[in-house]
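**Student:** As input, take target15.pdb (PDB, C-alpha atoms):
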```pdb
MODEL        1
ATOM      1  CA  MET A 108       0.000   0.000   0.000
ATOM      2  CA  GLY A 109       1.166   3.521  -0.684
ATOM      3  CA  LEU A 110       0.400   6.988   0.614
ATOM      4  CA  PRO A 111      -2.942   8.670  -0.142
ATOM      5  CA  LYS A 112      -2.852   9.857  -3.732
ATOM      6  CA  ASP A 113      -3.080  13.598  -2.974
ATOM      7  CA  ILE A 114      -0.108  13.449  -0.580
ATOM      8  CA  GLU A 115       1.887  11.287  -2.976
ATOM      9  CA  GLU A 116       1.269  13.784  -5.794
ATOM     10  CA  TYR A 117       2.385  16.686  -3.596
ATOM     11  CA  LEU A 118       5.623  14.886  -2.679
ATOM     12  CA  HIS A 119       6.446  13.991  -6.283
ATOM     13  CA  GLU A 120       5.660  17.505  -7.491
ATOM     14  CA  ASN A 121       7.675  19.326  -4.837
ATOM     15  CA  PHE A 122      10.423  16.942  -3.700
ATOM     16  CA  GLY A 123      10.832  14.428  -6.520
ATOM     17  CA  SER A 124      11.026  11.395  -4.260
ATOM     18  CA  TYR A 125      10.318  10.089  -0.792
ATOM     19  CA  LYS A 126      10.895   6.915   1.197
ATOM     20  CA  LEU A 127       7.785   5.173   2.460
ATOM     21  CA  ILE A 128       7.902   3.582   5.914
ATOM     22  CA  GLY A 129       4.801   1.442   6.233
ATOM     23  CA  PHE A 130       1.482   3.041   5.266
ATOM     24  CA  SER A 131       1.371   5.906   7.719
ATOM     25  CA  SER A 132       4.858   7.469   7.623
ATOM     26  CA  PHE A 133       7.546   8.584   5.165
ATOM     27  CA  THR A 134      10.879  10.396   4.982
ATOM     28  CA  ILE A 135      12.179  13.028   2.577
ATOM     29  CA  GLU A 136      15.549  14.575   1.769
ATOM     30  CA  VAL A 137      15.384  18.270   0.947
ATOM     31  CA  ASN A 138      17.916  21.074   0.535
ATOM     32  CA  GLU A 139      17.632  24.352   2.402
ATOM     33  CA  PRO A 140      16.355  26.469  -0.526
ATOM     34  CA  ASP A 141      13.307  24.186  -0.789
ATOM     35  CA  MET A 142      12.433  24.118   2.909
ATOM     36  CA  GLU A 143       9.491  26.453   2.420
ATOM     37  CA  LYS A 144       7.755  23.567   0.638
ATOM     38  CA  VAL A 145       8.062  21.519   3.837
ATOM     39  CA  ASP A 146       6.331  24.255   5.837
ATOM     40  CA  ILE A 147       3.529  24.272   3.260
ATOM     41  CA  LEU A 148       3.308  20.479   3.430
ATOM     42  CA  LEU A 149       2.547  20.626   7.149
ATOM     43  CA  LYS A 150      -0.045  23.373   6.743
ATOM     44  CA  GLN A 151      -1.773  21.732   3.772
ATOM     45  CA  GLN A 152      -5.131  20.068   4.467
ATOM     46  CA  PHE A 153      -5.404  16.966   2.345
ATOM     47  CA  ASP A 154      -8.546  14.990   1.660
ATOM     48  CA  TYR A 155      -8.853  13.075   4.904
ATOM     49  CA  VAL A 156      -5.541  13.124   6.756
ATOM     50  CA  SER A 157      -2.996  15.694   7.890
ATOM     51  CA  VAL A 158       0.801  15.399   7.902
ATOM     52  CA  VAL A 159       2.685  15.565  11.210
ATOM     53  CA  TYR A 160       6.420  16.210  11.638
ATOM     54  CA  ASP A 161       8.100  13.349  13.534
ATOM     55  CA  GLY A 162      11.699  14.558  13.788
ATOM     56  CA  GLY A 163      14.871  14.557  11.722
ATOM     57  CA  TYR A 164      18.188  16.311  11.322
ATOM     58  CA  ALA A 165      20.120  18.715   9.100
ATOM     59  CA  THR A 166      23.701  18.334   7.842
ATOM     60  CA  TRP A 167      26.084  20.812   6.194
ATOM     61  CA  TYR A 168      29.759  21.674   5.848
ATOM     62  CA  ASP A 169      30.884  24.678   7.843
ATOM     63  CA  SER A 170      33.436  27.324   6.836
ATOM     64  CA  GLN A 171      36.239  24.926   7.883
ATOM     65  CA  ASN A 172      34.798  22.307   5.520
ATOM     66  CA  GLU A 173      33.858  20.112   8.475
ATOM     67  CA  LEU A 174      30.604  18.149   8.418
ATOM     68  CA  ARG A 175      28.078  19.440  10.929
ATOM     69  CA  GLN A 176      24.830  17.833  12.030
ATOM     70  CA  PHE A 177      21.914  19.312  13.941
ATOM     71  CA  GLU A 178      18.938  17.361  15.276
ATOM     72  CA  ILE A 179      15.562  18.980  14.774
ATOM     73  CA  SER A 180      13.495  18.238  17.861
ATOM     74  CA  PHE A 181       9.781  17.509  17.810
ATOM     75  CA  ILE A 182       7.658  20.533  16.978
ATOM     76  CA  GLU A 183       3.931  20.918  17.473
ATOM     77  CA  THR A 184       2.541  21.417  13.988
ATOM     78  CA  GLN A 185      -0.061  23.812  15.395
ATOM     79  CA  GLU A 186       2.799  26.148  16.362
ATOM     80  CA  LEU A 187       5.075  25.996  13.345
ATOM     81  CA  PRO A 188       8.176  28.172  13.283
ATOM     82  CA  THR A 189       8.550  30.785  10.573
ATOM     83  CA  SER A 190      10.371  28.002   8.741
ATOM     84  CA  PHE A 191      12.372  24.933   9.655
ATOM     85  CA  ALA A 192      15.392  26.398   7.885
ATOM     86  CA  LYS A 193      15.257  29.540  10.050
ATOM     87  CA  LEU A 194      14.803  27.391  13.147
ATOM     88  CA  VAL A 195      18.029  25.510  12.438
ATOM     89  CA  ASP A 196      19.889  28.700  11.522
ATOM     90  CA  ASP A 197      18.828  30.409  14.768
ATOM     91  CA  ASP A 198      19.677  27.445  16.991
ATOM     92  CA  THR A 199      23.042  26.718  15.398
ATOM     93  CA  PHE A 200      23.947  30.395  15.666
ATOM     94  CA  ILE A 201      23.411  30.175  19.425
ATOM     95  CA  TRP A 202      25.813  27.247  19.432
ATOM     96  CA  GLY A 203      28.462  29.332  17.694
ATOM     97  CA  GLU A 204      27.913  27.726  14.295
ATOM     98  CA  ASP A 205      27.293  29.560  11.041
ATOM     99  CA  LYS A 206      23.985  31.396  11.282
ATOM    100  CA  GLN A 207      23.546  31.196   7.535
ATOM    101  CA  SER A 208      25.001  28.613   5.200
ATOM    102  CA  TYR A 209      27.172  30.988   3.117
ATOM    103  CA  GLY A 210      27.234  28.446   0.293
ATOM    104  CA  HIS A 211      27.365  25.462   2.643
ATOM    105  CA  VAL A 212      23.826  24.359   1.854
ATOM    106  CA  LYS A 213      22.061  22.472   4.617
ATOM    107  CA  THR A 214      20.433  19.166   3.696
ATOM    108  CA  PHE A 215      17.435  18.118   5.778
ATOM    109  CA  TYR A 216      16.450  14.511   6.426
ATOM    110  CA  MET A 217      12.934  14.631   7.813
ATOM    111  CA  ASN A 218      10.415  12.087   9.074
ATOM    112  CA  PHE A 219       6.658  12.528   8.828
ATOM    113  CA  SER A 220       3.565  10.555   9.733
ATOM    114  CA  LEU A 221      -0.078  10.811   8.798
ATOM    115  CA  ASN A 222      -2.346  12.157  11.498
ATOM    116  CA  LYS A 223      -4.885   9.490  12.386
ATOM    117  CA  ASN A 224      -7.289  12.168  13.639
ATOM    118  CA  PRO A 225      -8.603  14.021  10.572
ATOM    119  CA  ILE A 226      -8.813  17.782  10.522
ATOM    120  CA  GLU A 227     -12.308  19.022  11.320
ATOM    121  CA  MET A 228     -14.362  19.596   8.184
ATOM    122  CA  THR A 229     -17.062  22.280   8.136
ATOM    123  CA  LEU A 230     -19.902  22.286   5.607
ATOM    124  CA  TYR A 231     -23.087  24.327   5.281
ATOM    125  CA  TYR A 232     -26.631  24.096   3.974
ATOM    126  CA  ARG A 233     -30.020  25.740   4.383
ATOM    127  CA  ARG A 234     -33.590  24.526   3.958
ATOM    128  CA  THR A 235     -34.833  27.631   2.151
ATOM    129  CA  ILE A 236     -34.257  29.435  -1.128
ATOM    130  CA  PRO A 237     -32.257  32.636  -0.360
ATOM    131  CA  GLY A 238     -34.583  35.594   0.138
ATOM    132  CA  THR A 239     -37.632  33.387   0.722
ATOM    133  CA  THR A 240     -38.985  30.829   3.151
ATOM    134  CA  ASP A 241     -39.657  28.356   0.312
ATOM    135  CA  ASN A 242     -38.209  24.852   0.560
ATOM    136  CA  ASN A 243     -35.045  24.405  -1.559
ATOM    137  CA  GLY A 244     -35.044  20.601  -1.454
ATOM    138  CA  ILE A 245     -36.982  17.615  -2.720
ATOM    139  CA  ASN A 246     -39.049  15.851  -0.063
ATOM    140  CA  VAL A 247     -40.888  12.547  -0.204
ATOM    141  CA  VAL A 248     -43.288  12.152   2.740
ATOM    142  CA  TYR A 249     -44.699   8.687   3.373
ATOM    143  CA  ALA A 250     -48.221   8.092   4.650
ATOM    144  CA  THR A 251     -48.372   7.250   8.352
ATOM    145  CA  ASN A 252     -51.053   6.105  10.745
ATOM    146  CA  PRO A 253     -52.332   8.132  12.474
ATOM    147  CA  GLU A 254     -51.677  10.845   9.902
ATOM    148  CA  TYR A 255     -51.553  13.704  12.436
ATOM    149  CA  GLY A 256     -48.756  12.218  14.538
ATOM    150  CA  PRO A 257     -45.723  10.467  13.057
ATOM    151  CA  ILE A 258     -43.635  11.643  10.129
ATOM    152  CA  SER A 259     -41.632   9.468   7.730
ATOM    153  CA  GLN A 260     -39.769  11.163   4.896
ATOM    154  CA  ILE A 261     -36.705  11.387   2.647
ATOM    155  CA  SER A 262     -35.199  14.717   1.519
ATOM    156  CA  ASN A 263     -32.348  15.803  -0.783
ATOM    157  CA  ARG A 264     -30.832  19.248  -1.296
ATOM    158  CA  TYR A 265     -27.599  20.888  -2.401
ATOM    159  CA  MET A 266     -25.296  22.251   0.277
ATOM    160  CA  CYS A 267     -23.729  25.739   0.077
ATOM    161  CA  GLU A 268     -20.721  27.862   0.937
ATOM    162  CA  SER A 269     -20.402  29.638   4.294
ATOM    163  CA  ASP A 270     -22.361  32.601   2.875
ATOM    164  CA  PHE A 271     -25.438  30.316   2.821
ATOM    165  CA  VAL A 272     -26.130  31.517  -0.732
ATOM    166  CA  THR A 273     -23.578  30.030  -3.143
ATOM    167  CA  PRO A 274     -24.419  26.365  -3.850
ATOM    168  CA  THR A 275     -21.783  23.623  -3.904
ATOM    169  CA  ASN A 276     -21.808  20.227  -5.619
ATOM    170  CA  ASP A 277     -22.349  18.413  -2.304
ATOM    171  CA  ILE A 278     -25.760  16.852  -1.715
ATOM    172  CA  ILE A 279     -27.124  16.179   1.767
ATOM    173  CA  ASN A 280     -29.822  13.583   2.335
ATOM    174  CA  PHE A 281     -32.013  12.950   5.379
ATOM    175  CA  THR A 282     -34.090   9.863   6.035
ATOM    176  CA  SER A 283     -36.264  10.862   8.994
ATOM    177  CA  LYS A 284     -38.861   9.167  11.175
ATOM    178  CA  ARG A 285     -40.649  11.080  13.915
ATOM    179  CA  CYS A 286     -42.375   8.948  16.545
ATOM    180  CA  PRO A 287     -44.653  10.517  19.182
ATOM    181  CA  GLY A 288     -44.122   9.581  22.800
ATOM    182  CA  ASN A 289     -46.465   8.046  25.333
ATOM    183  CA  VAL A 290     -47.150   9.769  28.657
ATOM    184  CA  SER A 291     -48.314   6.668  30.511
ATOM    185  CA  LEU A 292     -45.214   4.748  29.416
ATOM    186  CA  THR A 293     -43.007   7.841  29.975
ATOM    187  CA  ILE A 294     -41.521   7.362  26.495
ATOM    188  CA  PRO A 295     -40.542  10.782  25.052
ATOM    189  CA  ASP A 296     -41.145  12.080  21.542
ATOM    190  CA  MET A 297     -38.299  10.734  19.408
ATOM    191  CA  PHE A 298     -36.741  11.634  16.057
ATOM    192  CA  LEU A 299     -34.738   8.930  14.231
ATOM    193  CA  GLU A 300     -32.574  10.317  11.422
ATOM    194  CA  THR A 301     -29.896   9.161   9.046
ATOM    195  CA  VAL A 302     -27.880  11.907   7.345
ATOM    196  CA  THR A 303     -25.858  11.132   4.223
ATOM    197  CA  ILE A 304     -23.559  13.521   2.341
ATOM    198  CA  ILE A 305     -22.083  12.804  -1.069
ATOM    199  CA  SER A 306     -19.320  15.042  -2.379
ATOM    200  CA  ASN A 307     -18.306  15.632  -5.987
ATOM    201  CA  PRO A 308     -16.978  13.483  -7.578
ATOM    202  CA  ASN A 309     -19.606  11.206  -6.083
ATOM    203  CA  GLN A 310     -18.032   8.128  -7.596
ATOM    204  CA  THR A 311     -14.308   7.538  -8.121
ATOM    205  CA  ILE A 312     -12.467   4.483  -9.433
ATOM    206  CA  ASN A 313     -11.555   3.383  -5.921
ATOM    207  CA  ALA A 314     -14.415   4.629  -3.759
ATOM    208  CA  THR A 315     -17.299   7.017  -3.342
ATOM    209  CA  ASN A 316     -16.895  10.314  -1.492
ATOM    210  CA  MET A 317     -19.673   9.663   1.000
ATOM    211  CA  ILE A 318     -20.386   9.828   4.719
ATOM    212  CA  SER A 319     -23.482   8.515   6.479
ATOM    213  CA  ALA A 320     -24.389   8.919  10.162
ATOM    214  CA  VAL A 321     -27.369   8.130  12.379
ATOM    215  CA  ALA A 322     -28.990   9.572  15.521
ATOM    216  CA  ASN A 323     -32.082   8.845  17.601
ATOM    217  CA  TYR A 324     -32.861  11.809  19.840
ATOM    218  CA  THR A 325     -35.679  13.412  21.818
ATOM    219  CA  ASP A 326     -37.573  16.135  19.950
ATOM    220  CA  SER A 327     -40.936  17.425  21.138
ATOM    221  CA  GLY A 328     -41.586  19.350  17.923
ATOM    222  CA  TYR A 329     -43.859  18.322  15.072
ATOM    223  CA  GLY A 330     -43.673  18.112  11.297
ATOM    224  CA  SER A 331     -40.639  17.274   9.198
ATOM    225  CA  VAL A 332     -38.189  19.839  10.647
ATOM    226  CA  THR A 333     -36.364  19.264  13.920
ATOM    227  CA  SER A 334     -36.897  21.709  16.781
ATOM    228  CA  VAL A 335     -33.615  21.081  18.651
ATOM    229  CA  ASN A 336     -30.531  23.329  18.453
ATOM    230  CA  PHE A 337     -28.008  20.631  17.547
ATOM    231  CA  VAL A 338     -27.623  16.887  16.986
ATOM    232  CA  ASN A 339     -24.580  14.606  17.043
ATOM    233  CA  TYR A 340     -24.832  11.774  14.534
ATOM    234  CA  SER A 341     -22.621   8.676  14.827
ATOM    235  CA  VAL A 342     -20.893   7.796  11.555
ATOM    236  CA  THR A 343     -21.746   4.368  10.163
ATOM    237  CA  VAL A 344     -20.063   4.670   6.739
ATOM    238  CA  ALA A 345     -17.254   7.003   5.632
ATOM    239  CA  ARG A 346     -15.439   6.593   2.314
ATOM    240  CA  GLY A 347     -13.163   8.636   0.075
ATOM    241  CA  LYS A 348     -12.304  12.054   1.478
ATOM    242  CA  PHE A 349     -14.525  11.374   4.504
ATOM    243  CA  SER A 350     -12.563   8.298   5.575
ATOM    244  CA  GLY A 351     -11.534   8.349   9.220
ATOM    245  CA  TYR A 352     -14.296  10.622  10.496
ATOM    246  CA  THR A 353     -16.557   9.329  13.283
ATOM    247  CA  ASN A 354     -19.018  12.124  14.147
ATOM    248  CA  VAL A 355     -21.282  14.533  12.288
ATOM    249  CA  LYS A 356     -22.594  17.442  14.361
ATOM    250  CA  ILE A 357     -25.207  19.752  12.896
ATOM    251  CA  ILE A 358     -26.006  23.141  14.464
ATOM    252  CA  PHE A 359     -29.601  24.086  13.586
ATOM    253  CA  ASP A 360     -30.643  27.717  13.185
ATOM    254  CA  ASN A 361     -34.393  27.311  13.468
ATOM    255  CA  GLY A 362     -35.175  30.839  12.290
ATOM    256  CA  PRO A 363     -37.075  31.518   9.054
ATOM    257  CA  GLU A 364     -34.033  30.822   6.815
ATOM    258  CA  LYS A 365     -33.220  27.543   8.599
ATOM    259  CA  LYS A 366     -29.449  27.748   8.134
ATOM    260  CA  ARG A 367     -27.364  24.753   9.196
ATOM    261  CA  THR A 368     -23.660  24.319   9.959
ATOM    262  CA  VAL A 369     -22.207  20.799   9.724
ATOM    263  CA  TYR A 370     -19.049  19.857  11.674
ATOM    264  CA  ILE A 371     -17.468  16.556  10.648
ATOM    265  CA  THR A 372     -14.843  15.190  13.071
TER     266      THR A 372
ENDMDL
END
```
Translate this structure into structure tokens?
**Tutor:**
Amino acid sequence: MGLPKDIEEYLHENFGSYKLIGFSSFTIEVNEPDMEKVDILLKQQFDYVSVVYDGGYATWYDSQNELRQFEISFIETQELPTSFAKLVDDDTFIWGEDKQSYGHVKTFYMNFSLNKNPIEMTLYYRRTIPGTTDNNGINVVYATNPEYGPISQISNRYMCESDFVTPTNDIINFTSKRCPGNVSLTIPDMFLETVTIISNPNQTINATNMISAVANYTDSGYGSVTSVNFVNYSVTVARGKFSGYTNVKIIFDNGPEKKRTVYIT
């Protein structure tokens, strides 16, 4: 098995080669002038994993033509230095070494691993056409008995950018069943939902970009729209760029526009 395709392409494009260590880690050799690409590598959000620096060292020949080596200690990727090259220059200067290479180019040997905890993904959608309170999705409501109580339906709609106006190519689907409670049995009103998101391209050669999650929660409202402020859905299927995620949390704005923010973690 190799690295995820998007990471592999980035490495080939920017470094030419890498050495794979198992599935989840790799090493690269890079000269000082190209170190900015390493900083970008760590800040880049790939499809469903992030890259974490795991240590390494730099070597160079000093002004006396003697080989020097400096170990680069572990660095929290959330607090990256201005650049790894500057970090080494600053630290070696404190040690009395050359602050800058002056033609003695430093070569970095660096180890990386793939973060098993994906970076939080945030998506958006709304249930209304911008500027109106009209439904912007397709709903199929199934007949229930008694008709005035339960709800059973399927809905599909396009998601949108954070402005809640510009549509994206992502489609969000809900399969919902509302079941009224029973006072004598002390069973509360419940809402059972499965949410499924497909992201363009919906189908790839290797997998589909899809995530599906389910929740059964108390909701004393009525009709097809939830009345709660948020719901956490447990992921049952996650493929493609959604691989590795385990929770879908939706924040519901239950005002007239019915805007929703989706956090995938």
**Student:** Between atom CA of Lys366 of chain A and atom CA of Asn280 of chain A, measure the distance and give it in Å to one decimal.
**Tutor:**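 Result for atom CA of Lys366 of chain A versus atom CA of Asn280 of chain A: 15.3 Å, one decimal.
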**Student:** Can you pull out every residue within 8 Å of Ser131 of chain A, counting all atoms listed in the file, but drop anything in the same chain fewer than 3 positions away, and send it as a list in words?
**Tutor:**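 These residues fall inside the cut-off: Leu110, Ile128, Ser220 and Leu221 of chain A.
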**Student:** Pull out every residue that the PyMOL selection byres ((chain A and resi 304) around 7) matches in the shown coordinates and put them as a list in words.
**Tutor:**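 Answer for the PyMOL selection byres ((chain A and resi 304) around 7): Asp277, Ile278, Ile279, Asn280, Val302, Thr303, Ile305, Ser306, Met317, Ile318 and Ser319 of chain A.
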**Student:** Which residues would end up in the selection if the PyMOL selection byres ((chain A and resi 347) around 12) were applied here, given that I need the answer as a count of residues only?
**Tutor:** 30
**Student:** Using only C-alpha atoms, what residues lie at most 10 Å away from (-41.1, 30.7, 3.1) (file coordinates), given as a ChimeraX atom specification?
**Tutor:** /A:234-243,363-364
**Student:** So, counting only C-alpha atoms, which residue among A:Ile357, A:Asn121, A:Asp169, A:Tyr232 is closest to Thr275 of chain A?
**Tutor:**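 That would be A:Tyr232, the residue with the smallest distance to Thr275 of chain A.
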**Student:** Suppose you want the space between atom CA of Thr368 of chain A and atom CA of Thr229 of chain A; what is it in Å?
**Tutor:**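 Answer for the atom CA of Thr368 of chain A to atom CA of Thr229 of chain A separation: 7.1 Å.
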**Student:** Give me the residues within 7 Å of Arg285 of chain A as a list in words, counting all atoms listed in the file and dropping any in the same chain fewer than 3 places off.
**Tutor:**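 The filter keeps Pro257, Ile258, Ser259, Met297, Phe298 and Leu299 of chain A.
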**Student:** Could you take the residues named above and write them with C-alpha atoms, as a PDB file, keeping the file's coordinate frame?
**Tutor:**
```
ATOM      1  CA  PRO A 257     -45.723  10.467  13.057  1.00  0.00           C
ATOM      2  CA  ILE A 258     -43.635  11.643  10.129  1.00  0.00           C
ATOM      3  CA  SER A 259     -41.632   9.468   7.730  1.00  0.00           C
ATOM      4  CA  MET A 297     -38.299  10.734  19.408  1.00  0.00           C
ATOM      5  CA  PHE A 298     -36.741  11.634  16.057  1.00  0.00           C
ATOM      6  CA  LEU A 299     -34.738   8.930  14.231  1.00  0.00           C
TER       7      LEU A 299
END
```
**Student:** Please measure the separation of atom CA of Thr282 of chain A and atom CA of Ser262 of chain A, giving the value in Å to one decimal.
**Tutor:** 6.7 Å
**Student:** Evaluating the PyMOL selection byres ((chain A and resi 174) around 12) on the displayed file yields which residues, as a list in words?
**Tutor:**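 With the PyMOL selection byres ((chain A and resi 174) around 12) on this model, the match is Ala165, Thr166, Trp167, Tyr168, Asp169, Ser170, Gln171, Asn172, Glu173, Arg175, Gln176, Phe177, Glu204, His211, Val212, Lys213 and Thr214 of chain A.
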**Student:** I need the residue nearest Leu148 of chain A from this list: A:Val355, A:Leu127, A:Ile135, A:Leu118. Use all atoms listed in the file for the distance.
**Tutor:**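 Closest to Leu148 of chain A, using all atoms listed in the file: A:Leu118.
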**Student:** Using all atoms listed in the file for the distances, tell me which of A:His119, A:Lys126, A:Lys284, A:Lys356 is nearest to Asn218 of chain A.
**Tutor:** A:Lys126
**Student:** Complete the atoms of segment 130-159 of chain A to N, CA and C atoms and put them out as a compact mmCIF listing (two decimals), keeping the file's coordinate frame.
**Tutor:**
```txt
# COMPACT_ATOMS: atom_id res chain seq x y z
N PHE A 130 2.53 2.28 5.95
CA PHE A 130 1.48 3.04 5.27
C PHE A 130 1.37 4.46 5.80
N SER A 131 1.72 4.65 7.08
CA SER A 131 1.37 5.91 7.72
C SER A 131 2.54 6.85 7.94
N SER A 132 3.73 6.56 7.44
CA SER A 132 4.86 7.47 7.62
C SER A 132 5.80 7.42 6.43
N PHE A 133 6.60 8.49 6.28
CA PHE A 133 7.55 8.58 5.16
C PHE A 133 8.66 9.55 5.53
N THR A 134 9.76 9.48 4.79
CA THR A 134 10.88 10.40 4.98
C THR A 134 11.18 11.10 3.67
N ILE A 135 11.75 12.31 3.77
CA ILE A 135 12.18 13.03 2.58
C ILE A 135 13.56 13.62 2.82
N GLU A 136 14.27 13.86 1.75
CA GLU A 136 15.55 14.58 1.77
C GLU A 136 15.34 15.85 0.97
N VAL A 137 15.65 16.99 1.60
CA VAL A 137 15.38 18.27 0.95
C VAL A 137 16.48 19.26 1.29
N ASN A 138 16.89 20.06 0.31
CA ASN A 138 17.92 21.07 0.54
C ASN A 138 17.28 22.36 1.08
N GLU A 139 18.11 23.16 1.72
CA GLU A 139 17.63 24.35 2.40
C GLU A 139 16.80 25.28 1.52
N PRO A 140 17.17 25.55 0.27
CA PRO A 140 16.36 26.47 -0.53
C PRO A 140 14.91 26.01 -0.73
N ASP A 141 14.65 24.71 -0.57
CA ASP A 141 13.31 24.19 -0.79
C ASP A 141 12.54 23.94 0.51
N MET A 142 13.07 24.41 1.64
CA MET A 142 12.43 24.12 2.91
C MET A 142 11.06 24.75 3.07
N GLU A 143 10.81 25.83 2.34
CA GLU A 143 9.49 26.45 2.42
C GLU A 143 8.39 25.47 2.01
N LYS A 144 8.72 24.56 1.09
CA LYS A 144 7.76 23.57 0.64
C LYS A 144 7.39 22.60 1.77
N VAL A 145 8.34 22.37 2.68
CA VAL A 145 8.06 21.52 3.84
C VAL A 145 7.07 22.20 4.77
N ASP A 146 7.26 23.50 4.99
CA ASP A 146 6.33 24.26 5.84
C ASP A 146 4.92 24.21 5.25
N ILE A 147 4.83 24.32 3.92
CA ILE A 147 3.53 24.27 3.26
C ILE A 147 2.93 22.88 3.40
N LEU A 148 3.76 21.86 3.29
CA LEU A 148 3.31 20.48 3.43
C LEU A 148 2.59 20.27 4.75
N LEU A 149 3.14 20.81 5.83
CA LEU A 149 2.55 20.63 7.15
C LEU A 149 1.27 21.45 7.34
N LYS A 150 1.14 22.53 6.60
CA LYS A 150 -0.04 23.37 6.74
C LYS A 150 -1.15 22.99 5.77
N GLN A 151 -0.82 22.13 4.81
CA GLN A 151 -1.77 21.73 3.77
C GLN A 151 -2.80 20.76 4.33
N GLN A 152 -4.09 21.02 4.08
CA GLN A 152 -5.13 20.07 4.47
C GLN A 152 -5.43 19.19 3.27
N PHE A 153 -5.12 17.91 3.42
CA PHE A 153 -5.40 16.97 2.35
C PHE A 153 -6.80 16.40 2.52
N ASP A 154 -7.16 15.44 1.69
CA ASP A 154 -8.55 14.99 1.66
C ASP A 154 -9.05 14.51 3.01
N TYR A 155 -8.32 13.60 3.65
CA TYR A 155 -8.85 13.08 4.90
C TYR A 155 -7.80 12.79 5.96
N VAL A 156 -6.57 13.24 5.73
CA VAL A 156 -5.54 13.12 6.76
C VAL A 156 -4.70 14.40 6.76
N SER A 157 -3.97 14.61 7.83
CA SER A 157 -3.00 15.69 7.89
C SER A 157 -1.62 15.09 8.11
N VAL A 158 -0.58 15.87 7.78
CA VAL A 158 0.80 15.40 7.90
C VAL A 158 1.41 15.99 9.17
N VAL A 159 2.08 15.15 9.94
CA VAL A 159 2.68 15.56 11.21
C VAL A 159 4.19 15.34 11.15
```
